[in-house]
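Shown below: coords14.txt, with compact mmCIF, C-alpha atoms.
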# COMPACT_ATOMS: atom_id res chain seq x y z
CA MET A 1 75.80 38.77 20.65
CA LEU A 2 75.08 35.23 21.75
CA ILE A 3 72.69 36.46 24.41
CA HIS A 4 70.96 38.58 21.80
CA ARG A 5 70.53 35.55 19.46
CA ILE A 6 69.24 33.38 22.31
CA GLY A 7 66.75 36.10 23.14
CA ILE A 8 65.47 36.22 19.57
CA ALA A 9 65.21 32.42 19.40
CA ALA A 10 63.29 32.34 22.70
CA ALA A 11 60.92 35.05 21.48
CA ILE A 12 60.25 33.09 18.26
CA LEU A 13 59.67 29.91 20.27
CA VAL A 14 57.23 31.61 22.63
CA ALA A 15 55.38 33.24 19.74
CA ALA A 16 55.12 29.91 17.89
CA THR A 17 53.89 28.13 21.00
CA LEU A 18 51.30 30.81 21.67
CA GLY A 19 50.22 30.79 18.03
CA PHE A 20 49.86 27.02 17.98
CA SER A 21 47.98 27.12 21.26
CA ALA A 22 45.60 29.79 19.95
CA HIS A 23 45.06 27.77 16.78
CA ALA A 24 44.31 24.64 18.84
CA GLN A 25 41.91 26.65 20.99
CA ASN A 26 40.10 27.96 17.92
CA THR A 27 39.94 24.68 16.03
CA PRO A 28 36.55 23.04 16.60
CA ARG A 29 36.66 19.75 18.46
CA THR A 30 33.82 17.48 17.55
CA ALA A 31 32.72 14.04 18.72
CA GLU A 32 30.67 12.08 16.22
CA MET A 33 28.62 9.11 17.43
CA GLN A 34 26.98 6.35 15.41
CA VAL A 35 23.72 5.58 17.20
CA ASP A 36 21.25 2.70 16.77
CA GLY A 37 17.52 3.19 17.25
CA LEU A 38 17.56 6.78 16.04
CA VAL A 39 14.38 6.84 13.95
CA CYS A 40 11.95 9.42 15.29
CA ALA A 41 12.12 13.17 15.71
CA PHE A 42 11.28 12.75 19.40
CA CYS A 43 14.54 10.80 19.74
CA ALA A 44 16.47 13.66 18.23
CA GLN A 45 14.80 16.23 20.44
CA GLY A 46 15.52 14.29 23.64
CA ILE A 47 19.15 13.63 22.75
CA SER A 48 19.77 17.21 21.68
CA LYS A 49 18.29 18.64 24.88
CA ARG A 50 20.32 16.26 27.01
CA LEU A 51 23.64 17.01 25.33
CA LYS A 52 23.05 20.77 25.25
CA ARG A 53 22.71 20.75 29.04
CA MET A 54 26.39 19.75 29.33
CA ASP A 55 28.69 22.69 30.07
CA ALA A 56 31.27 21.80 27.42
CA THR A 57 28.73 21.54 24.58
CA ALA A 58 28.73 24.35 22.03
CA GLU A 59 26.33 22.81 19.52
CA VAL A 60 24.60 19.52 18.72
CA PHE A 61 23.69 18.04 15.35
CA VAL A 62 21.48 14.97 14.91
CA SER A 63 20.96 13.19 11.61
CA LEU A 64 18.26 10.51 11.71
CA GLU A 65 19.03 9.57 8.14
CA ASN A 66 22.64 8.78 9.01
CA GLY A 67 22.07 7.48 12.55
CA LEU A 68 24.51 10.15 13.70
CA VAL A 69 24.80 12.47 16.69
CA ALA A 70 27.60 15.05 16.64
CA VAL A 71 28.66 17.35 19.46
CA GLN A 72 30.91 20.34 18.95
CA PHE A 73 32.71 21.38 22.14
CA LYS A 74 33.35 24.88 23.40
CA PRO A 75 36.94 26.08 22.78
CA GLY A 76 39.39 24.30 25.05
CA GLN A 77 36.73 22.00 26.49
CA ASP A 78 35.90 18.35 26.00
CA ILE A 79 33.53 15.60 27.15
CA ASP A 80 34.85 12.14 27.85
CA ASP A 81 33.72 9.29 25.58
CA ALA A 82 32.28 7.42 28.56
CA VAL A 83 30.16 10.44 29.53
CA LEU A 84 28.87 10.85 25.96
CA ARG A 85 28.11 7.16 25.71
CA ALA A 86 26.29 7.22 29.07
CA ALA A 87 24.20 10.22 28.00
CA LEU A 88 22.98 8.41 24.90
CA THR A 89 22.44 5.10 26.70
CA GLU A 90 20.49 6.81 29.48
CA ALA A 91 18.37 8.49 26.81
CA GLY A 92 17.42 5.03 25.56
CA TYR A 93 19.73 4.54 22.57
CA SER A 94 22.73 2.37 21.70
CA VAL A 95 26.08 3.88 20.71
CA ARG A 96 27.98 1.81 18.17
CA GLY A 97 31.05 4.02 17.95
CA ILE A 98 32.54 7.43 18.70
CA ARG A 99 35.16 9.22 16.65
CA ARG A 100 36.69 12.63 17.20
CA HIS A 101 37.86 15.13 14.64
CA ASP A 102 38.37 18.83 14.05
CA GLU A 103 35.50 19.45 11.63
CA SER A 104 32.91 22.05 12.55
CA LEU A 105 29.26 21.00 12.81
CA ASP A 106 28.57 22.98 9.63
CA ALA A 107 31.09 20.76 7.85
CA VAL A 108 29.49 17.63 9.36
CA ARG A 109 26.06 18.86 8.25
CA ALA A 110 27.32 19.50 4.72
CA ARG A 111 28.98 16.09 4.57
CA THR A 112 25.89 14.20 5.76
CA LYS A 113 23.57 16.11 3.41
CA ALA A 114 25.90 15.29 0.53
CA GLY A 115 25.44 11.59 1.26
CA PRO A 116 27.88 8.76 1.96
CA MET B 117 -2.33 -10.80 -1.22
CA SER B 118 -4.60 -7.78 -1.68
CA LEU B 119 -4.24 -4.76 0.62
CA SER B 120 -7.64 -5.37 2.20
CA ARG B 121 -6.79 -9.02 2.93
CA PHE B 122 -3.39 -7.98 4.34
CA ILE B 123 -5.01 -5.44 6.66
CA GLY B 124 -7.68 -7.96 7.65
CA LEU B 125 -5.03 -10.54 8.49
CA ALA B 126 -3.04 -8.00 10.48
CA LEU B 127 -6.14 -7.04 12.43
CA ALA B 128 -6.92 -10.67 13.15
CA LEU B 129 -3.38 -11.40 14.27
CA SER B 130 -2.93 -8.26 16.29
CA PRO B 131 -6.04 -7.20 18.21
CA LEU B 132 -4.38 -4.07 19.59
CA LEU B 133 -3.83 -0.26 18.89
CA GLY B 134 -1.00 2.05 18.08
CA HIS B 135 -0.29 5.71 17.70
CA ALA B 136 2.08 7.80 19.74
CA LYS B 137 4.53 6.50 22.27
CA PRO B 138 3.46 7.08 25.88
CA ILE B 139 7.05 8.05 26.78
CA ALA B 140 8.90 10.42 24.48
CA TYR B 141 12.26 10.95 26.23
CA GLN B 142 13.74 11.59 29.66
CA GLY B 143 12.63 14.93 31.03
CA GLY B 144 10.00 15.33 28.32
CA THR B 145 6.42 16.43 28.87
CA THR B 146 3.79 15.12 26.48
CA VAL B 147 0.35 16.64 25.98
CA MET B 148 -1.98 14.83 23.62
CA GLY B 149 -5.59 14.69 22.54
CA GLU B 150 -7.54 12.42 20.26
CA TYR B 151 -10.98 12.57 18.69
CA GLY B 152 -12.07 9.15 17.48
CA ALA B 153 -14.98 9.30 15.04
CA GLY B 154 -17.59 10.31 17.59
CA THR B 155 -16.96 7.21 19.71
CA MET B 156 -14.01 8.24 21.84
CA GLN B 157 -12.27 11.42 22.95
CA GLU B 158 -9.15 11.31 25.07
CA TYR B 159 -6.81 13.92 26.53
CA GLN B 160 -3.58 13.05 28.30
CA ALA B 161 -0.59 14.77 29.88
CA PHE B 162 2.52 12.83 30.90
CA TYR B 163 5.93 13.65 32.30
CA ALA B 164 8.84 11.22 31.87
CA PRO B 165 11.44 11.30 34.70
CA GLY B 166 13.33 8.56 32.84
CA TYR B 167 13.30 7.29 29.26
CA TRP B 168 11.73 4.05 30.50
CA TRP B 169 8.77 5.43 32.46
CA SER B 170 6.30 8.29 32.63
CA ALA B 171 3.28 9.22 34.70
CA GLY B 172 0.39 11.56 34.25
CA VAL B 173 -3.31 12.19 34.01
CA GLY B 174 -5.97 11.59 31.38
CA HIS B 175 -9.62 11.99 30.60
CA LEU B 176 -11.52 9.60 28.34
CA ARG B 177 -15.04 9.98 27.02
CA LEU B 178 -16.72 7.02 25.33
CA ASP B 179 -20.00 7.37 23.44
CA ALA B 180 -21.86 4.25 22.31
CA GLU B 181 -22.51 4.22 18.58
CA ASP B 182 -26.28 3.93 19.16
CA ARG B 183 -26.09 6.70 21.80
CA ARG B 184 -27.41 4.38 24.52
CA TYR B 185 -24.80 5.64 26.98
CA THR B 186 -21.80 7.86 27.59
CA HIS B 187 -18.97 7.02 29.98
CA GLU B 188 -16.44 9.56 31.17
CA ILE B 189 -13.31 8.47 33.00
CA THR B 190 -10.68 10.68 34.62
CA TYR B 191 -7.58 8.74 35.57
CA LEU B 192 -3.99 8.65 36.80
CA ARG B 193 -1.65 6.42 34.82
CA ALA B 194 1.92 5.18 34.84
CA ASN B 195 3.59 4.03 31.60
CA LEU B 196 6.51 1.64 31.42
CA LEU B 197 8.89 0.88 28.57
CA ALA B 198 9.17 -2.87 29.14
CA LYS B 199 11.59 -3.62 26.32
CA ARG B 200 13.40 -1.74 23.56
CA TRP B 201 15.40 -2.99 20.63
CA ASN B 202 17.73 -0.41 19.08
CA LEU B 203 18.66 -1.51 15.59
CA PRO B 204 20.55 0.23 12.78
CA ARG B 205 17.96 2.68 11.35
CA ALA B 206 15.12 0.98 13.26
CA GLN B 207 13.62 0.64 16.70
CA ALA B 208 11.06 -1.68 18.31
CA ASN B 209 9.37 -1.18 21.68
CA VAL B 210 7.06 -2.88 24.12
CA PHE B 211 5.12 -0.57 26.45
CA ALA B 212 2.73 -1.41 29.27
CA TRP B 213 0.65 0.87 31.46
CA GLY B 214 -1.93 0.88 34.19
CA GLY B 215 -3.78 3.22 36.49
CA VAL B 216 -6.90 4.08 38.37
CA GLY B 217 -9.52 6.79 38.17
CA SER B 218 -13.08 7.83 38.61
CA ALA B 219 -15.89 7.15 36.14
CA ARG B 220 -19.36 8.49 35.69
CA GLY B 221 -21.92 7.54 33.08
CA SER B 222 -25.34 8.26 31.70
CA ASP B 223 -26.43 4.68 32.48
CA PHE B 224 -25.38 4.53 36.15
CA ALA B 225 -25.61 6.79 39.15
CA GLY B 226 -22.73 8.45 40.98
CA ASN B 227 -19.03 7.83 40.49
CA GLU B 228 -17.35 4.47 40.13
CA THR B 229 -13.72 3.52 40.62
CA ALA B 230 -12.35 2.69 37.17
CA TRP B 231 -9.16 0.73 36.50
CA ASN B 232 -7.19 0.96 33.29
CA ALA B 233 -4.47 -1.18 31.78
CA GLY B 234 -2.95 -1.58 28.38
CA GLY B 235 0.04 -2.24 26.22
CA GLN B 236 1.65 -1.36 22.92
CA ILE B 237 4.15 -2.94 20.60
CA ASP B 238 5.67 -0.96 17.76
CA TYR B 239 8.31 -1.21 15.10
CA GLU B 240 9.55 1.84 13.23
CA THR B 241 12.06 2.78 10.59
CA LEU B 242 12.42 6.13 8.82
CA ARG B 243 9.97 4.98 6.11
CA PHE B 244 7.73 2.39 7.82
CA TYR B 245 5.75 2.42 11.03
CA SER B 246 3.61 -0.27 12.62
CA SER B 247 2.03 -0.52 16.00
CA ALA B 248 -0.57 -2.47 17.87
CA ARG B 249 -2.13 -1.33 21.09
CA SER B 250 -4.85 -2.31 23.50
CA ASP B 251 -6.51 -0.11 26.14
CA TRP B 252 -8.81 -1.59 28.71
CA GLN B 253 -11.12 0.38 31.02
CA TYR B 254 -12.96 -1.46 33.74
CA ALA B 255 -15.40 -0.56 36.53
CA GLN B 256 -16.67 -3.49 38.56
CA GLU B 257 -20.25 -4.47 37.64
CA THR B 258 -20.65 -1.27 35.59
CA PHE B 259 -18.60 -1.48 32.39
CA SER B 260 -15.67 -3.10 30.66
CA HIS B 261 -14.37 -1.49 27.48
CA ARG B 262 -11.38 -2.47 25.43
CA ILE B 263 -10.17 -0.37 22.51
CA ASP B 264 -7.84 -2.30 20.25
CA THR B 265 -6.05 -0.53 17.40
CA VAL B 266 -3.47 -1.45 14.82
CA GLN B 267 -1.70 1.06 12.57
CA PHE B 268 0.57 0.83 9.55
CA GLY B 269 2.31 3.94 8.32
CA TRP B 270 4.40 4.77 5.28
CA ALA B 271 6.52 7.87 4.74
CA PRO B 272 6.95 9.00 1.13
CA TYR B 273 10.40 10.41 1.90
CA VAL B 274 13.02 10.07 4.59
CA HIS B 275 12.61 12.91 7.04
CA ASP B 276 15.39 14.29 9.15
CA TRP B 277 14.60 16.02 12.39
CA ASP B 278 14.83 19.50 10.92
CA ARG B 279 12.29 18.64 8.19
CA LEU B 280 8.54 18.13 8.20
CA ALA B 281 7.78 14.42 8.48
CA THR B 282 4.80 13.17 6.48
CA TRP B 283 3.19 9.79 7.01
CA PHE B 284 0.23 8.04 5.42
CA VAL B 285 -1.39 5.78 8.00
CA ILE B 286 -4.01 3.05 7.78
CA GLN B 287 -5.73 2.22 11.03
CA GLY B 288 -8.08 -0.52 12.18
CA ARG B 289 -9.85 -0.19 15.52
CA HIS B 290 -12.12 -2.53 17.42
CA TYR B 291 -14.23 -1.53 20.43
CA THR B 292 -15.77 -3.89 22.97
CA GLY B 293 -18.51 -3.26 25.54
CA GLY B 294 -21.17 -2.25 23.01
CA LEU B 295 -19.41 0.92 21.86
CA TYR B 296 -19.18 0.12 18.16
CA ASP B 297 -20.25 -2.88 16.15
CA GLY B 298 -17.47 -4.36 14.00
CA THR B 299 -14.05 -3.03 13.14
CA GLU B 300 -13.61 0.61 12.23
CA GLY B 301 -11.07 1.39 9.50
CA ALA B 302 -9.55 4.82 8.97
CA ALA B 303 -7.09 6.50 6.61
CA LEU B 304 -4.96 9.21 8.21
CA LEU B 305 -2.40 11.82 7.29
CA ARG B 306 0.22 12.39 9.99
CA LEU B 307 2.50 15.42 10.06
CA PHE B 308 5.35 15.85 12.49
CA ARG B 309 7.71 18.73 13.01
CA ASN B 310 10.31 19.81 15.54
CA SER B 311 10.26 23.45 16.53
CA ARG B 312 12.17 25.60 18.98
CA TRP B 313 9.31 25.15 21.48
CA GLY B 314 8.98 21.40 21.10
CA ALA B 315 7.83 18.66 18.77
CA ILE B 316 4.39 18.93 17.23
CA TRP B 317 2.44 15.98 15.88
CA VAL B 318 -0.88 16.40 14.05
CA GLU B 319 -2.89 13.59 12.56
CA ALA B 320 -6.24 13.72 10.81
CA GLY B 321 -8.31 11.46 8.64
CA ILE B 322 -11.62 9.80 8.03
CA THR B 323 -13.17 6.45 8.85
CA GLN B 324 -15.00 4.18 6.44
CA ASP B 325 -18.25 5.58 7.90
CA GLY B 326 -17.20 9.08 6.86
CA GLU B 327 -16.53 10.16 10.45
CA PRO B 328 -13.56 12.40 11.19
CA GLN B 329 -10.68 11.27 13.32
CA ALA B 330 -7.95 13.56 14.61
CA MET B 331 -5.11 13.62 17.04
CA PHE B 332 -2.55 16.15 18.22
CA MET B 333 0.49 15.77 20.38
CA PHE B 334 2.93 18.32 21.70
CA ASN B 335 6.18 17.33 23.32
CA TYR B 336 8.57 19.68 25.10

Rewritten as C-alpha cells:
Amino acid sequence: MLIHRIGIAAAILVAATLGFSAHAQNTPRTAEMQVDGLVCAFCAQGISKRLKRMDATAEVFVSLENGLVAVQFKPGQDIDDAVLRAALTEAGYSVRGIRRHDESLDAVRARTKAGP
Amino acid sequence: MSLSRFIGLALALSPLLGHAKPIAYQGGTTVMGEYGAGTMQEYQAFYAPGYWWSAGVGHLRLDAEDRRYTHEITYLRANLLAKRWNLPRAQANVFAWGGVGSARGSDFAGNETAWNAGGQIDYETLRFYSSARSDWQYAQETFSHRIDTVQFGWAPYVHDWDRLATWFVIQGRHYTGGLYDGTEGAALLRLFRNSRWGAIWVEAGITQDGEPQAMFMFNY
C-alpha cells in the first residue's frame, strides 16, 4: 500500500515537473533595451539585422519613438546581457538599461503603441 | 527673426552641406544618386565594414551654370565617423572623408589626378534634422571646386521604422570654382521607408531658379 502511494506521489511529482518545464519552455523570454541615439530608420535596420544573426534570436522589435529594442529568444535559449549590450554598442548606439520579462514581442508592440 | 533671415544666418555660420550619412550601419551597403539642379550629378556606392567607417566608389559630374565647362570625376573614397553623440531621442555626428580619383573636363586635355575631401556635421531627432556638409574636389592647376550645403528638416509626425517617414527640408547650397554664382536655395520633400529588401530614401524638390533637384538612396 505504502509503495503504491509513493508511486502515485512520484508520478504526480514527475508530471508536475515536466508540465512546469514545458510551460517555462513555451513562455516567451524577452530582453528589452533602452537605447540612446535611436532616431533614424537606418539605425533600426542595422540593429535588427545584427540581432537577427544571433542563433538564440526568434524575433526583434525596434521602436524609435520609445528608444527601445526588444529581442524575443527562441524557446529554451538566451543571450547574455553583456553580449546584447556589446551588439548595440558595436552598432554605434548606447544602451541605458536592459530588463527581462516573459512578454511576447506582440505584447511589447501593443504596449509601446498604446503609449507610456 | 524671419525664416529667410534665419536661413541666411545659418548659411553664413555654416558654409557646409548635409543630406544622407556616408555610413549607414555595420555591414550595410549604400547606393545613392543625386541630381542637383543641372549643376551637379553624383552617384556613389559604399560598404561599411564597421559602423565607424565605410569605403566605396563615386562619380561626380559638375556643369558650370554658364556652360563654359564640364568636369567629370571618378573616385575612390573612405568615410570616417569621427565622433558620435548618442542622446535620449537624438543623435549628433561628425563625419570626415577623403579619396582620390581621375578627372576629365571639357576645358582641359586628358585625365588629371583629382583629390577629394570633405566633412559633415549633423544633429537629428525624430522630428528635426539639421546638417552641414562640405565637399572639396581638387586637381592641381586644373580646378578646385567646393560644394557647401546646409539642410534643415522637419517631420510633421513621429515616424517609427515600420512607417513611412516624411520630411520637409530646406536646403542652401554654395558652389565655388565658377560653377554657380551665389547661393542656391531649394525646398525638398523627403520620404523614407524600410522594406524587406532594405531602406529606401527618395528626395525631390525645386530650387529658387525653378530647377529640379532629386536624390535617391538604397541601403541593404

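Put simply, CA of Ala161 in chain B is 14.5 Å away from CA of Ile189 in chain B.
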
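One finds CA of Gly301 in chain B at 5.7 Å from CA of Gln324 in chain B.
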
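Residues surrounding Gln236 in chain B within 6 Å are B:Val210, B:Phe211, B:Ala248, B:Arg249 [all atoms listed in the file; sequence separation below 4 positions excluded].
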
Output file for the selection above: C-alpha atoms, as a PDB file, in the frame of the given file:
ATOM      1  CA  VAL B 210       7.060  -2.880  24.120  1.00  0.00           C
ATOM      2  CA  PHE B 211       5.120  -0.570  26.450  1.00  0.00           C
ATOM      3  CA  ALA B 248      -0.570  -2.470  17.870  1.00  0.00           C
ATOM      4  CA  ARG B 249      -2.130  -1.330  21.090  1.00  0.00           C
TER       5      ARG B 249
END

key: Within 8 Å of chain A: residues of chain B, using all atoms listed in the file, as a list in words   =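 Close enough to count are Ala140, Tyr141, Gln142, Gly143, Gly144, Gly166, Tyr167, Trp168, Trp201, Asn202, Leu203, Pro204, Arg205, Ala206, Gln207, Glu240, Thr241, Leu242, Val274, His275, Asp276, Trp277, Phe308, Arg309, Asn310, Gly314, Ala315 and Asn335 of chain B.
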
key: Distance in Å - CA of Ile79 in chain A versus CA of Val60 in chain A   =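 Interatomic distance, CA of Ile79 in chain A to CA of Val60 in chain A: 12.9 Å.
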
Shell around Ile237 in chain B at 10 Å using all atoms listed in the file, local window under 2 positions removed, as a ChimeraX atom specification = /B:130,132-134,137,198-200,208-212,235,239,246-250,266

task = Identify which of the residues B:Tyr151, B:Ala194, B:Trp283, B:Arg183 lies closest to Tyr163 in chain B, counting only C-alpha atoms when measuring atom-to-atom distances.
result =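 Among the listed residues, the smallest separation from Tyr163 in chain B belongs to B:Ala194.
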
Mind giving me the axis-aligned box for range 213-229 of chain B with 4 Å on every side, centre plus edges in Å to one decimal, as AutoDock Vina command-line options?
--center_x -12.9 --center_y 4.7 --center_z 36.2 --size_x 35.1 --size_y 15.6 --size_z 17.5

task = Determine the nearest neighbour of Ala330 in chain B from the options B:Val147, B:Gln256, B:Gly152, B:Leu280, counting all atoms listed in the file.
result = B:Gly152
